[in-house]
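Structure first, commentary second.
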Amino acid sequence: MIKKTILTGLFIALLALKPGWSTGIDVIVMVDTSESMFPFFDDLINYLIKDILEKRLNQGDTFYLLSFADEPEYELSAAITDATDLEKVIGRILLLNALGRYTDLITAINYLYAFTKSLQEQSEKLVLLLTDGIHDPPPGSPTDMDPDRVRETLLQSAQRIKREGWSVHILQMPLTDSQEDRPTKTSFLGDMAEVLETDIVPYSEEDKEVLDKVIGFPVLEFPGYVGEVSRRFKARFQVNNPAKAPVLLVLSEIRTDGYNILGKRITVRIKPEQKKRLSLPIKLPDSLPEGEHQLPIKLIFRDDSHIAPTQGILQFTYVPGRSILPYFLYLLILVVLLLLLYILIRLFIVLKNRIQELSFPQFYRTAAVGQKEKTFKRPLVMHVILQNSRIGFRNIHTVPSGRSCSVGGDGSTFLIYYVPMPRRIGVIVNDGKKYNFIPKRKEFFPNLTDPLYDCLDKDIQAVSSRGHEVTFTFKEYISPLEEINNLMHSIRYAEPEGLLALKKKEEEKKTAERAAQG
């Protein structure tokens, strides 16, 4: 045992002297190898730990594996350089077994602290603890204490780890009934996690993202076969951020055979516990032959953007010269949609004006009845001097009692269009007895500082921002048909009066003649 401890200490000292590891991160995995872990151990080794090595670490990272049962042990380490170098390491990991009779959690946590503390301080530390959290030391062990003292000791160790600033993640394995003679089945992980300010991830065979959650690294998912492409196209990747903090990723290059095929630098922010699609612009090399390709690529992110995996295969069929067709079709569809939108807007305006024009004859037929009942209120017309009045009914509107209508440029109810004016420079209000004009933007009415009461048939002057004077007047609207009717009525009533006067003159003449003869 003493010899093994000395060799482990020497190995750690050599690791500390090895240059270049400060550029990556140190990942320290401590796995429980007691009998209670036996039902889940194959998954831990074949899926979790193996997957960390193969897919979750980048070049420059260093992986350390520690185990504990009756006592803690150093298992192996590996500097991540090339995938082929990991085969021997993975083979060594597959030889691990969960055969420990006891579980000394206190000694394991103290060993974890000492081991991690001995590594280079410049490197970022990520500690993964895989256990059920049970403390069941061998009989006679100094750590064989009552549960309260065990909790106090573990919390002290957790506080030391927290002070170092290491990132600690805990994967809790389910409790089993494999050791019925255990004095306690109490898990101390909850208390430790509270001190370490970290979450506990419960292990589940059905949860396919449990490894992502416990590591906390953003996970990059490569696209499958992207189909037929030209020299320039976009490949859709996906990033999953399982952490409870946002992640900022900066992609600077996509390398393949010494060539950067990334069209432009990409910066993306992924919200906590969110997935986001990345549409990456790809520019293939000129020398690439036509046909199907499985292109090995490596995505190069900014140094502090730790995401995995960064290496994979991009599958596509290269067909030169076909890229312009989709873009042309998209452009054509866009032009057609804009044209349809323009036609619909114009049609709406024409129909609106037509409906308004058709409504006025009916309005005046109703008005004739209303005049008899003394309930009819005429619409108003706004006459603008020098402005063409042949604009249909654009400046003819009814202003109901208690309501107002705006006056001004485009968008106003009563429209001034021959001189540029803002909308709603004033309003005309029906107070129930008379109409009043109220200037809303007094800078356009230098001669009108107060409301103009009883404003019908009165000239109102406005001045545009460029100094152009505009004079307009509000009158009660009389339709051409009504004017003709009034004219005809005046002729009809004037004719009888003329006949009476003529008869009177004839009678006076006859009376004078009779008087002369007599």
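In the structure tokens, each chain is lettered A, B, ... as it comes, each chain's residues begin at 1, and ligands are numbered from 1 in order of appearance.
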Close residues, Leu128 in chain A itself excluded, 9 Å, only C-alpha atoms, min 5 positions apart in chain, as a VMD selection string: chain A and resid 27 to 31 167 to 171 214 to 215
Write out, as a short mmCIF file (atom, residue, chain, number, x, y, z; two decimals), in the first residue's frame, the residues just selected, with N, CA and C atoms.
data_model
loop_
_atom_site.label_atom_id
_atom_site.label_comp_id
_atom_site.auth_asym_id
_atom_site.auth_seq_id
_atom_site.Cartn_x
_atom_site.Cartn_y
_atom_site.Cartn_z
N VAL A 27 -9.90 17.37 -16.51
CA VAL A 27 -11.15 16.71 -16.14
C VAL A 27 -10.82 15.54 -15.22
N ILE A 28 -11.26 15.65 -13.97
CA ILE A 28 -10.97 14.61 -12.97
C ILE A 28 -12.27 13.88 -12.66
N VAL A 29 -12.31 12.59 -12.99
CA VAL A 29 -13.50 11.77 -12.75
C VAL A 29 -13.20 10.82 -11.61
N MET A 30 -14.00 10.88 -10.56
CA MET A 30 -13.87 9.92 -9.45
C MET A 30 -15.13 9.07 -9.44
N VAL A 31 -14.95 7.73 -9.62
CA VAL A 31 -16.08 6.82 -9.74
C VAL A 31 -16.09 5.83 -8.57
N SER A 167 -14.87 23.58 -10.65
CA SER A 167 -16.24 23.28 -11.07
C SER A 167 -16.52 21.82 -10.76
N VAL A 168 -17.46 21.57 -9.85
CA VAL A 168 -17.76 20.21 -9.39
C VAL A 168 -19.18 19.83 -9.83
N HIS A 169 -19.31 18.65 -10.42
CA HIS A 169 -20.60 18.14 -10.87
C HIS A 169 -20.79 16.74 -10.28
N ILE A 170 -22.02 16.44 -9.86
CA ILE A 170 -22.30 15.18 -9.16
C ILE A 170 -23.36 14.41 -9.92
N LEU A 171 -23.04 13.14 -10.22
CA LEU A 171 -24.01 12.21 -10.80
C LEU A 171 -24.36 11.19 -9.72
N VAL A 214 -24.51 16.37 -16.55
CA VAL A 214 -23.54 16.27 -15.47
C VAL A 214 -22.23 16.97 -15.83
N ILE A 215 -21.86 16.98 -17.10
CA ILE A 215 -20.62 17.67 -17.50
C ILE A 215 -20.86 19.17 -17.63
#
Skip range 263-280 of chain A itself and residues of its chain fewer than 3 positions away, then list as a list of chain:residue names all residues within 6 Å of it, counting only C-alpha atoms.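 Contacts, with the query itself left out: A:Lys234, A:Ala235, A:Arg236, A:Phe237, A:Gln238, A:Val239, A:Asn240, A:Asn241, A:Pro242, A:Ala243, A:Lys244, A:Ala245, A:Pro246, A:Val247, A:Leu248, A:Leu249, A:Val250, A:Leu251, A:Ser252, A:Lys283.
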Find the residues near Lys162 in chain A: any atom within 8 Å, counting only C-alpha atoms, skip ones fewer than 4 places away on the same chain, and give them as a ChimeraX atom specification. /A:158,166,195-196
Dump as a short mmCIF file (atom, residue, chain, number, x, y, z; two decimals), in the first residue's frame, selection limited to all heavy atoms:
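Output below, filename out-v1.cif:
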data_model
loop_
_atom_site.label_atom_id
_atom_site.label_comp_id
_atom_site.auth_asym_id
_atom_site.auth_seq_id
_atom_site.Cartn_x
_atom_site.Cartn_y
_atom_site.Cartn_z
N ALA A 158 -15.95 19.59 1.54
CA ALA A 158 -16.61 20.29 0.44
C ALA A 158 -16.28 21.78 0.45
O ALA A 158 -16.10 22.40 -0.60
CB ALA A 158 -18.12 20.07 0.53
N TRP A 166 -12.98 25.21 -8.08
CA TRP A 166 -13.14 24.17 -9.09
C TRP A 166 -14.62 23.99 -9.42
O TRP A 166 -15.49 24.19 -8.59
CB TRP A 166 -12.56 22.84 -8.59
CG TRP A 166 -11.11 22.92 -8.18
CD1 TRP A 166 -10.17 23.76 -8.68
CD2 TRP A 166 -10.47 22.14 -7.17
NE1 TRP A 166 -8.96 23.57 -8.06
CE2 TRP A 166 -9.10 22.57 -7.13
CE3 TRP A 166 -10.88 21.13 -6.31
CZ2 TRP A 166 -8.18 22.01 -6.25
CZ3 TRP A 166 -9.95 20.57 -5.45
CH2 TRP A 166 -8.62 21.01 -5.41
N VAL A 195 -23.25 22.93 -0.23
CA VAL A 195 -22.04 23.69 0.08
C VAL A 195 -21.28 24.02 -1.20
O VAL A 195 -20.76 25.14 -1.36
CB VAL A 195 -21.14 22.88 1.05
CG1 VAL A 195 -19.79 23.57 1.22
CG2 VAL A 195 -21.82 22.71 2.38
N LEU A 196 -21.21 23.07 -2.14
CA LEU A 196 -20.48 23.28 -3.39
C LEU A 196 -21.25 24.15 -4.38
O LEU A 196 -20.70 24.53 -5.42
CB LEU A 196 -20.19 21.93 -4.04
CG LEU A 196 -19.23 21.02 -3.28
CD1 LEU A 196 -19.24 19.62 -3.89
CD2 LEU A 196 -17.82 21.59 -3.31
#
Any idea what's packed within 6 Å of range 59-61 of chain A, counting only C-alpha atoms, ignoring anything in its chain fewer than 4 positions away? Could you give it as a list in words?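 Returned residues: Gly24, Ile25, Asp26, Ile80 and Thr81 of chain A.
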Phe68 in chain A environment, 12 Å, only C-alpha atoms, sequence neighbours closer than 5 positions dropped, as a ChimeraX atom specification: /A:29-35,37,73-75,96-112,129-131,133-137
State, in Å with one decimal place, the distance from CA of Ser118 in chain A to CA of Glu152 in chain A.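 Separation of CA of Ser118 in chain A and CA of Glu152 in chain A: 24.6 Å.
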